[in-house]
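Shown below: query.cif, with mmCIF, C-alpha atoms, pLDDT in the B column; chains and numbers go by the auth columns.
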```cif
data_model
loop_
_atom_site.group_PDB
_atom_site.id
_atom_site.type_symbol
_atom_site.label_atom_id
_atom_site.label_comp_id
_atom_site.label_asym_id
_atom_site.label_seq_id
_atom_site.Cartn_x
_atom_site.Cartn_y
_atom_site.Cartn_z
_atom_site.B_iso_or_equiv
_atom_site.auth_seq_id
_atom_site.auth_asym_id
ATOM 1 C CA ASN A 1 -11.843 -7.648 13.431 70.00 1 A
ATOM 2 C CA ALA A 2 -10.674 -5.015 15.926 79.00 2 A
ATOM 3 C CA GLY A 3 -7.915 -3.504 13.747 93.00 3 A
ATOM 4 C CA VAL A 4 -5.325 -1.723 15.884 96.00 4 A
ATOM 5 C CA THR A 5 -5.966 -1.411 19.613 97.00 5 A
ATOM 6 C CA GLN A 6 -3.979 0.460 22.241 97.00 6 A
ATOM 7 C CA THR A 7 -3.841 0.007 25.998 97.00 7 A
ATOM 8 C CA PRO A 8 -4.293 2.122 28.082 96.00 8 A
ATOM 9 C CA LYS A 9 -6.293 5.034 26.659 96.00 9 A
ATOM 10 C CA PHE A 10 -5.175 7.499 29.348 96.00 10 A
ATOM 11 C CA ARG A 11 -2.398 7.549 31.903 96.00 11 A
ATOM 12 C CA VAL A 12 -0.902 10.022 34.356 97.00 12 A
ATOM 13 C CA LEU A 13 2.636 9.384 35.549 97.00 13 A
ATOM 14 C CA LYS A 14 4.934 11.142 37.958 97.00 14 A
ATOM 15 C CA THR A 15 8.414 12.095 36.767 97.00 15 A
ATOM 16 C CA GLY A 16 10.735 9.114 37.018 97.00 16 A
ATOM 17 C CA GLN A 17 8.022 6.452 36.895 97.00 17 A
ATOM 18 C CA SER A 18 8.015 3.793 34.215 96.00 18 A
ATOM 19 C CA MET A 19 5.253 2.315 32.092 95.00 19 A
ATOM 20 C CA THR A 20 4.576 0.234 28.997 97.00 20 A
ATOM 21 C CA LEU A 21 2.098 1.026 26.270 97.00 21 A
ATOM 22 C CA LEU A 22 0.682 -1.964 24.446 97.00 22 A
ATOM 23 C CA CYS A 23 -0.319 -2.032 20.799 98.00 23 A
ATOM 24 C CA ALA A 24 -2.048 -5.011 19.225 98.00 24 A
ATOM 25 C CA GLN A 25 -3.176 -5.611 15.644 97.00 25 A
ATOM 26 C CA ASP A 26 -5.203 -8.473 14.225 95.00 26 A
ATOM 27 C CA MET A 27 -4.561 -7.832 10.515 93.00 27 A
ATOM 28 C CA ASN A 28 -1.406 -9.960 10.260 93.00 28 A
ATOM 29 C CA HIS A 29 0.598 -6.852 9.341 93.00 29 A
ATOM 30 C CA GLU A 30 4.377 -7.101 9.211 92.00 30 A
ATOM 31 C CA TYR A 31 5.126 -3.464 9.941 92.00 31 A
ATOM 32 C CA MET A 32 4.308 -1.625 13.138 94.00 32 A
ATOM 33 C CA TYR A 33 5.071 1.925 14.273 95.00 33 A
ATOM 34 C CA TRP A 34 4.908 4.159 17.327 97.00 34 A
ATOM 35 C CA TYR A 35 4.298 7.897 16.879 97.00 35 A
ATOM 36 C CA ARG A 36 3.820 10.796 19.211 97.00 36 A
ATOM 37 C CA GLN A 37 1.663 13.793 18.407 95.00 37 A
ATOM 38 C CA ASP A 38 2.319 17.150 19.997 93.00 38 A
ATOM 39 C CA PRO A 39 0.538 20.454 19.293 85.00 39 A
ATOM 40 C CA GLY A 40 1.901 22.081 16.140 81.00 40 A
ATOM 41 C CA MET A 41 4.292 19.184 15.500 84.00 41 A
ATOM 42 C CA GLY A 42 2.292 16.654 13.545 86.00 42 A
ATOM 43 C CA LEU A 43 3.079 12.974 14.080 93.00 43 A
ATOM 44 C CA ARG A 44 6.694 12.057 14.752 94.00 44 A
ATOM 45 C CA LEU A 45 8.005 8.516 14.483 94.00 45 A
ATOM 46 C CA ILE A 46 9.525 7.141 17.688 96.00 46 A
ATOM 47 C CA HIS A 47 10.382 3.532 16.761 96.00 47 A
ATOM 48 C CA TYR A 48 9.211 1.043 14.196 94.00 48 A
ATOM 49 C CA SER A 49 9.412 -2.668 13.443 94.00 49 A
ATOM 50 C CA VAL A 50 9.601 -4.428 10.098 91.00 50 A
ATOM 51 C CA GLY A 51 8.836 -7.839 11.529 92.00 51 A
ATOM 52 C CA GLU A 52 8.685 -10.013 14.619 94.00 52 A
ATOM 53 C CA GLY A 53 11.870 -9.696 16.651 94.00 53 A
ATOM 54 C CA THR A 54 13.090 -6.560 14.859 94.00 54 A
ATOM 55 C CA THR A 55 12.987 -2.906 15.895 96.00 55 A
ATOM 56 C CA ALA A 56 14.538 0.310 14.618 94.00 56 A
ATOM 57 C CA LYS A 57 14.796 3.938 15.678 94.00 57 A
ATOM 58 C CA GLY A 58 12.667 6.653 14.183 92.00 58 A
ATOM 59 C CA GLU A 59 12.956 10.435 14.392 90.00 59 A
ATOM 60 C CA VAL A 60 12.597 10.853 18.178 94.00 60 A
ATOM 61 C CA PRO A 61 13.692 7.599 19.915 96.00 61 A
ATOM 62 C CA ASP A 62 15.428 9.010 23.005 96.00 62 A
ATOM 63 C CA GLY A 63 13.818 8.014 26.298 96.00 63 A
ATOM 64 C CA TYR A 64 11.829 5.156 24.755 98.00 64 A
ATOM 65 C CA ASN A 65 12.388 1.458 24.203 97.00 65 A
ATOM 66 C CA VAL A 66 10.326 -1.019 22.187 97.00 66 A
ATOM 67 C CA SER A 67 9.901 -4.737 21.757 97.00 67 A
ATOM 68 C CA ARG A 68 8.192 -6.905 19.151 97.00 68 A
ATOM 69 C CA LEU A 69 8.223 -10.408 20.610 95.00 69 A
ATOM 70 C CA LYS A 70 5.047 -11.411 18.791 96.00 70 A
ATOM 71 C CA LYS A 71 3.998 -10.330 15.323 96.00 71 A
ATOM 72 C CA GLN A 72 0.703 -8.905 16.528 97.00 72 A
ATOM 73 C CA ASN A 73 2.080 -6.880 19.454 97.00 73 A
ATOM 74 C CA PHE A 74 4.371 -3.857 19.646 98.00 74 A
ATOM 75 C CA LEU A 75 5.259 -2.505 23.089 98.00 75 A
ATOM 76 C CA LEU A 76 6.531 0.988 23.850 98.00 76 A
ATOM 77 C CA GLY A 77 8.329 1.472 27.160 97.00 77 A
ATOM 78 C CA LEU A 78 9.234 4.574 29.107 96.00 78 A
ATOM 79 C CA GLU A 79 11.868 3.663 31.685 92.00 79 A
ATOM 80 C CA SER A 80 11.970 7.007 33.507 96.00 80 A
ATOM 81 C CA ALA A 81 9.188 9.338 32.429 96.00 81 A
ATOM 82 C CA ALA A 82 9.869 13.048 31.945 97.00 82 A
ATOM 83 C CA PRO A 83 7.405 15.939 31.505 97.00 83 A
ATOM 84 C CA SER A 84 8.680 16.307 27.909 96.00 84 A
ATOM 85 C CA GLN A 85 7.093 12.926 27.196 97.00 85 A
ATOM 86 C CA THR A 86 3.628 14.297 27.834 97.00 86 A
ATOM 87 C CA SER A 87 1.944 13.621 24.508 97.00 87 A
ATOM 88 C CA VAL A 88 -0.600 11.551 22.625 97.00 88 A
ATOM 89 C CA TYR A 89 0.903 8.280 21.437 98.00 89 A
ATOM 90 C CA PHE A 90 -0.360 6.488 18.356 98.00 90 A
ATOM 91 C CA CYS A 91 0.452 3.009 17.210 97.00 91 A
ATOM 92 C CA ALA A 92 0.075 2.043 13.556 95.00 92 A
ATOM 93 C CA SER A 93 0.557 -1.005 11.396 94.00 93 A
ATOM 94 C CA SER A 94 0.858 -1.634 7.681 91.00 94 A
ATOM 95 C CA TYR A 95 0.872 -4.663 5.423 86.00 95 A
ATOM 96 C CA SER A 96 4.162 -3.998 3.776 75.00 96 A
ATOM 97 C CA ILE A 97 6.703 -1.321 3.057 63.00 97 A
ATOM 98 C CA SER A 98 6.007 2.328 2.493 57.00 98 A
ATOM 99 C CA VAL A 99 3.651 2.116 -0.476 62.00 99 A
ATOM 100 C CA TYR A 100 0.868 0.860 1.739 76.00 100 A
ATOM 101 C CA GLU A 101 -1.237 2.986 4.029 85.00 101 A
ATOM 102 C CA GLN A 102 -0.913 2.659 7.763 90.00 102 A
ATOM 103 C CA TYR A 103 -3.781 1.789 10.067 93.00 103 A
ATOM 104 C CA PHE A 104 -3.778 3.693 13.319 96.00 104 A
ATOM 105 C CA GLY A 105 -4.975 2.887 16.806 97.00 105 A
ATOM 106 C CA PRO A 106 -7.131 5.323 18.809 96.00 106 A
ATOM 107 C CA GLY A 107 -4.207 6.753 20.770 97.00 107 A
ATOM 108 C CA THR A 108 -2.985 6.913 24.367 97.00 108 A
ATOM 109 C CA ARG A 109 -2.975 10.261 26.130 96.00 109 A
ATOM 110 C CA LEU A 110 -0.048 10.361 28.558 97.00 110 A
ATOM 111 C CA THR A 111 0.573 13.123 31.067 97.00 111 A
ATOM 112 C CA VAL A 112 3.805 13.248 33.047 97.00 112 A
ATOM 113 C CA THR A 113 3.732 15.567 36.068 96.00 113 A
ATOM 114 C CA ASP B 1 14.116 20.634 9.400 68.00 1 B
ATOM 115 C CA GLN B 2 10.494 20.022 8.476 79.00 2 B
ATOM 116 C CA GLN B 3 10.567 17.918 5.318 91.00 3 B
ATOM 117 C CA VAL B 4 6.780 17.985 4.910 95.00 4 B
ATOM 118 C CA LYS B 5 5.009 21.280 5.487 95.00 5 B
ATOM 119 C CA GLN B 6 1.374 22.229 5.756 96.00 6 B
ATOM 120 C CA ASN B 7 1.543 25.987 6.006 92.00 7 B
ATOM 121 C CA SER B 8 -2.147 26.579 6.707 95.00 8 B
ATOM 122 C CA PRO B 9 -3.031 25.527 10.256 94.00 9 B
ATOM 123 C CA SER B 10 -6.733 26.022 9.604 96.00 10 B
ATOM 124 C CA LEU B 11 -9.271 26.492 6.836 97.00 11 B
ATOM 125 C CA SER B 12 -12.982 27.308 6.860 97.00 12 B
ATOM 126 C CA VAL B 13 -15.228 26.524 3.898 98.00 13 B
ATOM 127 C CA GLN B 14 -18.953 26.747 3.295 98.00 14 B
ATOM 128 C CA GLU B 15 -20.839 23.495 2.821 97.00 15 B
ATOM 129 C CA GLY B 16 -21.084 22.540 -0.840 97.00 16 B
ATOM 130 C CA ARG B 17 -17.988 24.530 -1.852 98.00 17 B
ATOM 131 C CA ILE B 18 -14.534 23.187 -2.654 98.00 18 B
ATOM 132 C CA SER B 19 -11.935 22.670 0.075 98.00 19 B
ATOM 133 C CA ILE B 20 -8.295 22.811 -1.009 98.00 20 B
ATOM 134 C CA LEU B 21 -5.640 21.659 1.414 98.00 21 B
ATOM 135 C CA ASN B 22 -1.991 22.134 0.513 98.00 22 B
ATOM 136 C CA CYS B 23 1.224 20.345 1.358 98.00 23 B
ATOM 137 C CA ASP B 24 4.827 21.077 0.365 97.00 24 B
ATOM 138 C CA TYR B 25 7.846 18.817 0.691 97.00 25 B
ATOM 139 C CA THR B 26 11.564 19.337 0.401 95.00 26 B
ATOM 140 C CA ASN B 27 12.989 15.827 -0.055 92.00 27 B
ATOM 141 C CA SER B 28 13.171 14.901 -3.739 92.00 28 B
ATOM 142 C CA MET B 29 13.499 11.218 -2.764 92.00 29 B
ATOM 143 C CA PHE B 30 9.862 11.086 -1.621 93.00 30 B
ATOM 144 C CA ASP B 31 7.859 9.072 -4.112 91.00 31 B
ATOM 145 C CA TYR B 32 4.663 8.161 -2.332 92.00 32 B
ATOM 146 C CA PHE B 33 2.235 10.532 -0.658 94.00 33 B
ATOM 147 C CA LEU B 34 -0.815 9.991 1.507 94.00 34 B
ATOM 148 C CA TRP B 35 -3.550 12.038 3.108 97.00 35 B
ATOM 149 C CA TYR B 36 -5.060 11.128 6.446 96.00 36 B
ATOM 150 C CA LYS B 37 -8.089 12.534 8.222 97.00 37 B
ATOM 151 C CA LYS B 38 -8.257 12.761 11.991 95.00 38 B
ATOM 152 C CA TYR B 39 -11.245 13.383 14.212 95.00 39 B
ATOM 153 C CA PRO B 40 -10.765 14.417 17.861 91.00 40 B
ATOM 154 C CA ALA B 41 -9.903 11.556 20.231 89.00 41 B
ATOM 155 C CA GLU B 42 -9.433 9.131 17.335 93.00 42 B
ATOM 156 C CA GLY B 43 -6.459 7.882 15.384 95.00 43 B
ATOM 157 C CA PRO B 44 -5.821 9.135 11.845 95.00 44 B
ATOM 158 C CA THR B 45 -7.607 7.257 9.072 95.00 45 B
ATOM 159 C CA PHE B 46 -6.311 6.852 5.559 94.00 46 B
ATOM 160 C CA LEU B 47 -8.050 8.946 2.932 96.00 47 B
ATOM 161 C CA ILE B 48 -6.228 8.836 -0.399 95.00 48 B
ATOM 162 C CA SER B 49 -2.734 8.334 -1.776 93.00 49 B
ATOM 163 C CA ILE B 50 -0.694 9.100 -4.876 94.00 50 B
ATOM 164 C CA SER B 51 2.475 7.696 -6.344 92.00 51 B
ATOM 165 C CA SER B 52 5.069 9.955 -7.920 92.00 52 B
ATOM 166 C CA ILE B 53 4.426 8.359 -11.316 93.00 53 B
ATOM 167 C CA LYS B 54 1.002 10.020 -11.340 94.00 54 B
ATOM 168 C CA ASP B 55 -0.079 13.634 -11.105 95.00 55 B
ATOM 169 C CA LYS B 56 -3.688 13.035 -10.058 97.00 56 B
ATOM 170 C CA ASN B 57 -5.704 10.464 -8.168 97.00 57 B
ATOM 171 C CA GLU B 58 -9.445 10.566 -7.525 97.00 58 B
ATOM 172 C CA ASP B 59 -11.665 8.762 -5.069 96.00 59 B
ATOM 173 C CA GLY B 60 -15.226 10.015 -4.978 97.00 60 B
ATOM 174 C CA ARG B 61 -15.292 13.561 -3.624 98.00 61 B
ATOM 175 C CA PHE B 62 -11.553 13.515 -2.922 98.00 62 B
ATOM 176 C CA THR B 63 -8.832 14.269 -5.470 98.00 63 B
ATOM 177 C CA VAL B 64 -5.128 14.583 -4.815 98.00 64 B
ATOM 178 C CA PHE B 65 -2.876 16.480 -7.217 98.00 65 B
ATOM 179 C CA LEU B 66 0.896 16.141 -7.293 98.00 66 B
ATOM 180 C CA ASN B 67 3.272 18.677 -8.848 97.00 67 B
ATOM 181 C CA LYS B 68 6.697 17.084 -8.619 95.00 68 B
ATOM 182 C CA SER B 69 8.602 20.008 -10.066 96.00 69 B
ATOM 183 C CA ALA B 70 7.158 22.304 -7.402 97.00 70 B
ATOM 184 C CA LYS B 71 7.319 19.598 -4.705 97.00 71 B
ATOM 185 C CA HIS B 72 3.711 20.350 -3.919 97.00 72 B
ATOM 186 C CA LEU B 73 0.567 18.322 -3.454 97.00 73 B
ATOM 187 C CA SER B 74 -2.973 19.339 -2.755 98.00 74 B
ATOM 188 C CA LEU B 75 -6.164 17.636 -1.639 98.00 75 B
ATOM 189 C CA HIS B 76 -9.444 18.811 -3.145 98.00 76 B
ATOM 190 C CA ILE B 77 -12.754 17.965 -1.518 98.00 77 B
ATOM 191 C CA VAL B 78 -15.807 18.639 -3.675 97.00 78 B
ATOM 192 C CA PRO B 79 -18.451 19.232 -2.487 98.00 79 B
ATOM 193 C CA SER B 80 -17.422 19.825 1.109 98.00 80 B
ATOM 194 C CA GLN B 81 -19.707 18.447 3.811 97.00 81 B
ATOM 195 C CA PRO B 82 -19.935 19.216 7.552 96.00 82 B
ATOM 196 C CA GLY B 83 -18.729 15.657 8.276 96.00 83 B
ATOM 197 C CA ASP B 84 -15.466 16.534 6.538 98.00 84 B
ATOM 198 C CA SER B 85 -14.585 18.829 9.443 98.00 85 B
ATOM 199 C CA ALA B 86 -11.403 17.289 10.836 97.00 86 B
ATOM 200 C CA VAL B 87 -7.640 17.683 10.874 96.00 87 B
ATOM 201 C CA TYR B 88 -5.967 16.572 7.642 98.00 88 B
ATOM 202 C CA PHE B 89 -2.385 15.349 7.565 97.00 89 B
ATOM 203 C CA CYS B 90 -0.269 14.775 4.507 96.00 90 B
ATOM 204 C CA ALA B 91 2.526 12.227 4.720 94.00 91 B
ATOM 205 C CA ALA B 92 5.401 11.318 2.438 93.00 92 B
ATOM 206 C CA SER B 93 7.639 8.339 2.045 90.00 93 B
ATOM 207 C CA ALA B 94 10.502 7.063 -0.064 87.00 94 B
ATOM 208 C CA ILE B 95 10.198 3.433 -1.173 77.00 95 B
ATOM 209 C CA GLY B 96 12.324 1.134 0.939 75.00 96 B
ATOM 210 C CA THR B 97 12.676 3.501 3.883 79.00 97 B
ATOM 211 C CA TYR B 98 9.737 1.981 5.833 74.00 98 B
ATOM 212 C CA LYS B 99 9.002 5.429 7.225 82.00 99 B
ATOM 213 C CA TYR B 100 6.485 8.161 6.678 88.00 100 B
ATOM 214 C CA ILE B 101 7.113 11.839 7.400 91.00 101 B
ATOM 215 C CA PHE B 102 3.987 13.694 8.424 94.00 102 B
ATOM 216 C CA GLY B 103 3.072 17.329 8.061 95.00 103 B
ATOM 217 C CA THR B 104 1.741 19.333 10.986 94.00 104 B
ATOM 218 C CA GLY B 105 -1.870 19.135 9.834 95.00 105 B
ATOM 219 C CA THR B 106 -4.580 21.517 8.648 97.00 106 B
ATOM 220 C CA ARG B 107 -7.807 21.853 10.597 96.00 107 B
ATOM 221 C CA LEU B 108 -10.732 22.024 8.174 98.00 108 B
ATOM 222 C CA LYS B 109 -14.055 23.400 9.304 98.00 109 B
ATOM 223 C CA VAL B 110 -16.991 23.045 6.935 98.00 110 B
ATOM 224 C CA LEU B 111 -19.734 25.491 7.804 96.00 111 B
ATOM 225 C CA ALA B 112 -23.350 24.437 7.328 91.00 112 B
#
```
Just dump the structure as structure tokens.
Amino acid sequence: NAGVTQTPKFRVLKTGQSMTLLCAQDMNHEYMYWYRQDPGMGLRLIHYSVGEGTTAKGEVPDGYNVSRLKKQNFLLGLESAAPSQTSVYFCASSYSISVYEQYFGPGTRLTVT
Amino acid sequence: DQQVKQNSPSLSVQEGRISILNCDYTNSMFDYFLWYKKYPAEGPTFLISISSIKDKNEDGRFTVFLNKSAKHLSLHIVPSQPGDSAVYFCAASAIGTYKYIFGTGTRLKVLA
């Protein structure tokens, strides 16, 4: 039982390049989330999904797109990376709506130069 | 506007003493609160939660207190251990919103 895994763990991009971050969970959770963590800012919600085939915007969605084609996977895409997207990205999943705790992946450290 | 605030960026406590981490919120619709612990290079892990219908919840060495009138919650760790050294985040949610709002975190250092 791996829990929540994220791929890759580290990545360096040049401005304007694109990439996809993959999140996978094996707990059969309905809800999945993408956060970014920046110094002094805590965790901010980028996008989330309440089930397969559904996505919704969080607090800071600009510059990102997501897809949830399979229940166990949640992809975060950057179409044209900018230095402001340098951050640590965390994926999380939860069994149900907000009264249940979220389980987090180990994070992806992204640097955009 | 920061809806969940942790005003102390860091805290140092001697081993065996009590650690008290504080969190304030502004949104009166929040009705569920959680604390997470985060070690470097790892994702946050769930520690303890409390619903707005309670004012206290205990789990071993960890107790969370909720004061709804003051919009304030606190996490008590007794006794503190060196392994508790980590960053602690509080998070708040309103039922049905599917979203959590996180504070900026407090770095706890427990001195041996």
Would you translate the PyMOL selection byres ((chain A) within 6 of (chain B)) into the concrete set of residues it matches in this file, as a PDB file with C-alpha atoms, in the coordinates of the input?
```pdb
ATOM      1  CA  GLY A  40       1.901  22.081  16.140  1.00 81.00           C
ATOM      2  CA  MET A  41       4.292  19.184  15.500  1.00 84.00           C
ATOM      3  CA  GLY A  42       2.292  16.654  13.545  1.00 86.00           C
ATOM      4  CA  LEU A  43       3.079  12.974  14.080  1.00 93.00           C
ATOM      5  CA  ILE A  97       6.703  -1.321   3.057  1.00 63.00           C
ATOM      6  CA  SER A  98       6.007   2.328   2.493  1.00 57.00           C
ATOM      7  CA  PHE A 104      -3.778   3.693  13.319  1.00 96.00           C
ATOM      8  CA  GLY A 105      -4.975   2.887  16.806  1.00 97.00           C
ATOM      9  CA  PRO A 106      -7.131   5.323  18.809  1.00 96.00           C
ATOM     10  CA  GLY A 107      -4.207   6.753  20.770  1.00 97.00           C
TER      11      GLY A 107
END
```
Legend entry - Of the listed residues B:Val87, B:Met29, B:Cys23, B:Leu11, that which approaches B:Phe65 most closely, counting only C-alpha atoms: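 Closest candidate: B:Cys23.
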Legend entry - Between atom CA of A:Gln102 and atom CA of A:Ala2, distance in Å (one decimal):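 Going from atom CA of A:Gln102 over to atom CA of A:Ala2, I get 14.9 Å.
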Legend entry - Output check: residues returned by the PyMOL selection byres ((chain A and resi 22) around 7), as a ChimeraX atom specification: /A:6-7,20-21,23-24,74-76
Name the residues, using the chain letters and numbers of the file, that sit within 7 Å of (3.6, 8.4, 16.8) when counting only C-alpha atoms, and give them as a CSV table (one decimal) with C-alpha atoms, in the coordinates of the input.
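The resulting selection-v8.csv:
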```
chain,number,residue,atom,x,y,z
A,34,TRP,CA,4.9,4.2,17.3
A,35,TYR,CA,4.3,7.9,16.9
A,36,ARG,CA,3.8,10.8,19.2
A,37,GLN,CA,1.7,13.8,18.4
A,43,LEU,CA,3.1,13.0,14.1
A,44,ARG,CA,6.7,12.1,14.8
A,45,LEU,CA,8.0,8.5,14.5
A,46,ILE,CA,9.5,7.1,17.7
A,89,TYR,CA,0.9,8.3,21.4
A,90,PHE,CA,-0.4,6.5,18.4
A,91,CYS,CA,0.5,3.0,17.2
```
Inset, instruction - Rank A:Gly51, A:Gly3, A:Gly63, A:Pro8 by their smallest atom-to-atom distance to A:Gly77, using all atoms listed in the file, and report the top residue only. - result: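 Going through A:Gly51, A:Gly3, A:Gly63, A:Pro8 one by one, the smallest distance to A:Gly77 is for A:Gly63.
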Report the residues retrieved by the PyMOL selection byres ((chain B and resi 70) around 12) from the displayed file, expressed as an mmCIF file with C-alpha atoms, keeping the file's coordinate frame.
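Written output follows (part-v7.cif):
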```
data_model
loop_
_atom_site.group_PDB
_atom_site.id
_atom_site.type_symbol
_atom_site.label_atom_id
_atom_site.label_comp_id
_atom_site.auth_asym_id
_atom_site.auth_seq_id
_atom_site.Cartn_x
_atom_site.Cartn_y
_atom_site.Cartn_z
ATOM 1 C CA CYS B 23 1.224 20.345 1.358
ATOM 2 C CA ASP B 24 4.827 21.077 0.365
ATOM 3 C CA TYR B 25 7.846 18.817 0.691
ATOM 4 C CA THR B 26 11.564 19.337 0.401
ATOM 5 C CA ASN B 27 12.989 15.827 -0.055
ATOM 6 C CA SER B 28 13.171 14.901 -3.739
ATOM 7 C CA ASP B 55 -0.079 13.634 -11.105
ATOM 8 C CA PHE B 65 -2.876 16.480 -7.217
ATOM 9 C CA LEU B 66 0.896 16.141 -7.293
ATOM 10 C CA ASN B 67 3.272 18.677 -8.848
ATOM 11 C CA LYS B 68 6.697 17.084 -8.619
ATOM 12 C CA SER B 69 8.602 20.008 -10.066
ATOM 13 C CA LYS B 71 7.319 19.598 -4.705
ATOM 14 C CA HIS B 72 3.711 20.350 -3.919
ATOM 15 C CA LEU B 73 0.567 18.322 -3.454
ATOM 16 C CA SER B 74 -2.973 19.339 -2.755
#
```
Legend entry - Top pick for closest residue to A:Val88, considering A:Val50, A:Val112, A:Tyr103, A:Met27 and counting only C-alpha atoms: A:Val112
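Our summary of the geometry notes that atom CA of A:Met32 is positioned 8.9 Å from atom CA of A:Arg68.
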Using only C-alpha atoms, which residues sit within 12 Å of A:Gln17 once same-chain residues fewer than 4 positions away are excluded, as an mmCIF file with C-alpha atoms, in the frame of the given file?
```
data_model
loop_
_atom_site.group_PDB
_atom_site.id
_atom_site.type_symbol
_atom_site.label_atom_id
_atom_site.label_comp_id
_atom_site.auth_asym_id
_atom_site.auth_seq_id
_atom_site.Cartn_x
_atom_site.Cartn_y
_atom_site.Cartn_z
ATOM 1 C CA ARG A 11 -2.398 7.549 31.903
ATOM 2 C CA VAL A 12 -0.902 10.022 34.356
ATOM 3 C CA LEU A 13 2.636 9.384 35.549
ATOM 4 C CA GLY A 77 8.329 1.472 27.160
ATOM 5 C CA LEU A 78 9.234 4.574 29.107
ATOM 6 C CA GLU A 79 11.868 3.663 31.685
ATOM 7 C CA SER A 80 11.970 7.007 33.507
ATOM 8 C CA ALA A 81 9.188 9.338 32.429
ATOM 9 C CA ALA A 82 9.869 13.048 31.945
ATOM 10 C CA PRO A 83 7.405 15.939 31.505
ATOM 11 C CA GLN A 85 7.093 12.926 27.196
ATOM 12 C CA THR A 111 0.573 13.123 31.067
ATOM 13 C CA VAL A 112 3.805 13.248 33.047
ATOM 14 C CA THR A 113 3.732 15.567 36.068
#
```
Inset, instruction - Quote the spacing between atom CA of B:Pro79 and atom CA of B:Gly60 in Å to one decimal place. - result: 10.1 Å
Inset, instruction - Can you pull out every residue within 10 Å of B:Ile77, counting only C-alpha atoms, but drop anything in the same chain fewer than 3 positions away, and send it as a PyMOL selection string? - result: chain B and resi 16-21+59-64+74+80-81+84
Leaving out A:Tyr31 and any residue of its chain fewer than 2 positions from it, which residues lie within 7 Å of it when counting all atoms listed in the file, given as a PDB file with C-alpha atoms, in the frame of the given file?
```
ATOM      1  CA  HIS A  29       0.598  -6.852   9.341  1.00 93.00           C
ATOM      2  CA  TYR A  33       5.071   1.925  14.273  1.00 95.00           C
ATOM      3  CA  SER A  49       9.412  -2.668  13.443  1.00 94.00           C
ATOM      4  CA  VAL A  50       9.601  -4.428  10.098  1.00 91.00           C
ATOM      5  CA  GLY A  51       8.836  -7.839  11.529  1.00 92.00           C
ATOM      6  CA  SER A  93       0.557  -1.005  11.396  1.00 94.00           C
ATOM      7  CA  SER A  94       0.858  -1.634   7.681  1.00 91.00           C
ATOM      8  CA  TYR A  95       0.872  -4.663   5.423  1.00 86.00           C
ATOM      9  CA  SER A  96       4.162  -3.998   3.776  1.00 75.00           C
TER      10      SER A  96
END
```
Inset, instruction - May I ask which of the residues A:Thr54, A:Gln72, A:Ser67, A:Thr86 is the closest one to A:Gln25, counting all atoms listed in the file? - result: A:Gln72
